[in-house]
Amino acid sequence: MTGRSRRGVKFPHSGRRSSMSEASEESPSKARALADIQEKPNGNDQQLSDYEKKKANFIERTLWTFVMIGGFFAALFMGHIYIVLIITAVQIISFKEVIAISSGASRARDIQSTKSLNWYWLAIAMYFLHGETVIYYFKHIVMVDRVLLPLATHHRFICFTLYVVGFVFFVSTLKGGHLKFQFTQFVWAHMALFLIVGQSHFIMNNVFDGLIWFFLPAALVITNDIFAYICGITFGRTQLIKLSPKKTVEGFLGAWVMTVLFGIFLTHILMRSRFFICPANDLGANIFTGLDCVPNPVFTPKTWTTPELLFFPPNTHFSITMAPMQIHTFFWATFASLIAPFGGFFASGLKRTFKIKDFGHSIPGHGGITDRMDCQFIMGFFAYIYYHTFIAQSKVDFDEVFEIVATRLTIDQHKTLLLFIAKYLVNHNAIDSSVSALLTPFLWWLTRRMTD
């Protein structure tokens, strides 16, 4: 009984060496615990590491912000051609970034012909759109050149032929097992051409119409983005949209008010410079040489006076003097604040779909070019439509129209044109309808006399 060990009694083993089996059983667990302790970073070290990363990212982002601002204003002051070159570079890089989203994650990305065809679509689109711009704004140069004239005359047919060649090549290179990837690339490329190349083409046209039509909408978008951030962190409480959780309703509306005020002030400054308000009639001009033109009437200040109001004393009037362009700026700033941000929301949704943070890494600290231009595309398109609808003056010259009528129309076409003009004048209350009624029998009598 004395030799039997009792349950619950422990014996010290301070002087006993562990056996090899015990050591082998305990050493792995101890080694893992020791490794965990060594690998687990100190809390202070982790915070310091995160701080250093944020600091480095902030410095890099700030540096490249000033680089972009400096480069942009340098190109702006150097003239229209340099801005056009920047827009062209933006078209190419943005197209590359958007196309890479769909092709990068595919197992069929080894089909080189499909990749090459994407760049072929881009080349055709840019040739067509840039050609249309050159023909429209520089017809006085193109139409007198022996080499450029046939290219300009048949420009659209040439572009259509090139597109048909690409389409036939695409169909002929379809491969079984890769059809989904190839058709996805086809549709994706055309979507990118419409949303990026097509809209930036109108931004380029804004440059030739006058730098103010390019710079003002771009500045409004940037200003709105800045004020949305400031107002959002200051008094933002209500989430605006789930696609961008940091956007708030208060920041959204606050930025609208501030963008309108800034836009009216900026327009007042830009109107003073002929370099900004004149169209590109001299491609060699810069901020120092300037441009010369007859300014559009929207830049001429006018005085508006209110009529007599019932609740004010007699002969009480209020007046305000401002240029009509500043009133137009209100609508531009409203679009830049309330509609253009949805271009950014669209881009955010697209990035969430493909689980990516940025479209690319073209700009260190900022992501890709597309990340910075998502709102600018639709804003530039709107500026072009608005300008040509409400602001642009007619470029039709009466002498040119009279020359065409006199030299290219037949006698019968002259009489038809005369009846059309008479009907137009009657509809606009410029002449009495009885004059138009007498015109038809008069032309019939005149025709009889000429045939006799």
# chains A, B, ... in the order shown; residues from 1 in each chain; ligands from 1
$ residues_around --residues "stretch 178-188 of chain A" --least-positions-apart "4" --cutoff "7 Å" --atoms "only C-alpha atoms" --output "MDAnalysis selection string"
chainID A and resid 99 108 114 174 192
$ write_last_selection --atoms "N, CA, C and O atoms" --output "PDB file, in the first residue's frame"
ATOM      1  N   ILE A  99     -10.855  49.513 -70.177  1.00  0.00           N
ATOM      2  CA  ILE A  99     -10.758  48.221 -70.866  1.00  0.00           C
ATOM      3  C   ILE A  99     -10.043  47.193 -69.993  1.00  0.00           C
ATOM      4  O   ILE A  99     -10.392  46.008 -69.992  1.00  0.00           O
ATOM      5  N   ALA A 108      -9.333  34.239 -70.477  1.00  0.00           N
ATOM      6  CA  ALA A 108      -9.148  34.209 -71.934  1.00  0.00           C
ATOM      7  C   ALA A 108      -8.376  35.418 -72.432  1.00  0.00           C
ATOM      8  O   ALA A 108      -8.442  35.763 -73.590  1.00  0.00           O
ATOM      9  N   THR A 114      -8.141  40.058 -79.888  1.00  0.00           N
ATOM     10  CA  THR A 114      -9.197  40.816 -79.242  1.00  0.00           C
ATOM     11  C   THR A 114      -8.642  42.063 -78.583  1.00  0.00           C
ATOM     12  O   THR A 114      -9.231  43.141 -78.663  1.00  0.00           O
ATOM     13  N   LEU A 174     -13.619  34.977 -84.076  1.00  0.00           N
ATOM     14  CA  LEU A 174     -14.329  34.370 -82.943  1.00  0.00           C
ATOM     15  C   LEU A 174     -13.889  32.919 -82.773  1.00  0.00           C
ATOM     16  O   LEU A 174     -13.802  32.168 -83.756  1.00  0.00           O
ATOM     17  N   ALA A 192     -17.018  52.064 -73.644  1.00  0.00           N
ATOM     18  CA  ALA A 192     -15.951  52.988 -73.268  1.00  0.00           C
ATOM     19  C   ALA A 192     -15.785  54.093 -74.309  1.00  0.00           C
ATOM     20  O   ALA A 192     -15.536  55.254 -73.964  1.00  0.00           O
TER      21      ALA A 192
END
$ select_by_dssp --residues "stretch 138-356 of chain A" --states "strand (DSSP E or B)" --output "PyMOL selection string"
chain A and resi 239-241+244-248+302-305+319-322
$ atom_distance --atom1 "atom CA of A:Leu122" --atom2 "atom CA of A:Asp282"
28.9 Å
$ residues_around --residues "stretch 67-71 of chain A" --least-positions-apart "4" --cutoff "12 Å" --atoms "only C-alpha atoms" --output "VMD selection string"
chain A and resid 60 to 63 75 to 78 82 to 83 86 219 222 362 to 366 369 372
$ closest_atom_pairs --of "stretch 87-151 of chain A" --to "stretch 377-393 of chain A" --cutoff "12 Å" --atoms "only C-alpha atoms" --output "JSON lines"
{"residue": "A:Ile87", "atom": "CA", "partner": "A:Phe377", "partner_atom": "CA", "distance": 10.7}
{"residue": "A:Val90", "atom": "CA", "partner": "A:Phe377", "partner_atom": "CA", "distance": 10.6}
{"residue": "A:Gln91", "atom": "CA", "partner": "A:Phe377", "partner_atom": "CA", "distance": 10.2}
{"residue": "A:Ser94", "atom": "CA", "partner": "A:Phe377", "partner_atom": "CA", "distance": 11.0}
$ closest_residue --among "A:Leu117, A:Val144, A:Ala285, A:Met325" --to "A:Val171" --atoms "only C-alpha atoms"
A:Leu117
$ atom_distance --atom1 "atom CA of A:Val168" --atom2 "atom CA of A:Ser200"
27.5 Å
$ residues_around --residues "A:Leu148" --least-positions-apart "4" --cutoff "12 Å" --atoms "only C-alpha atoms" --output "PyMOL selection string"
chain A and resi 131+134-135+138-144+152-155
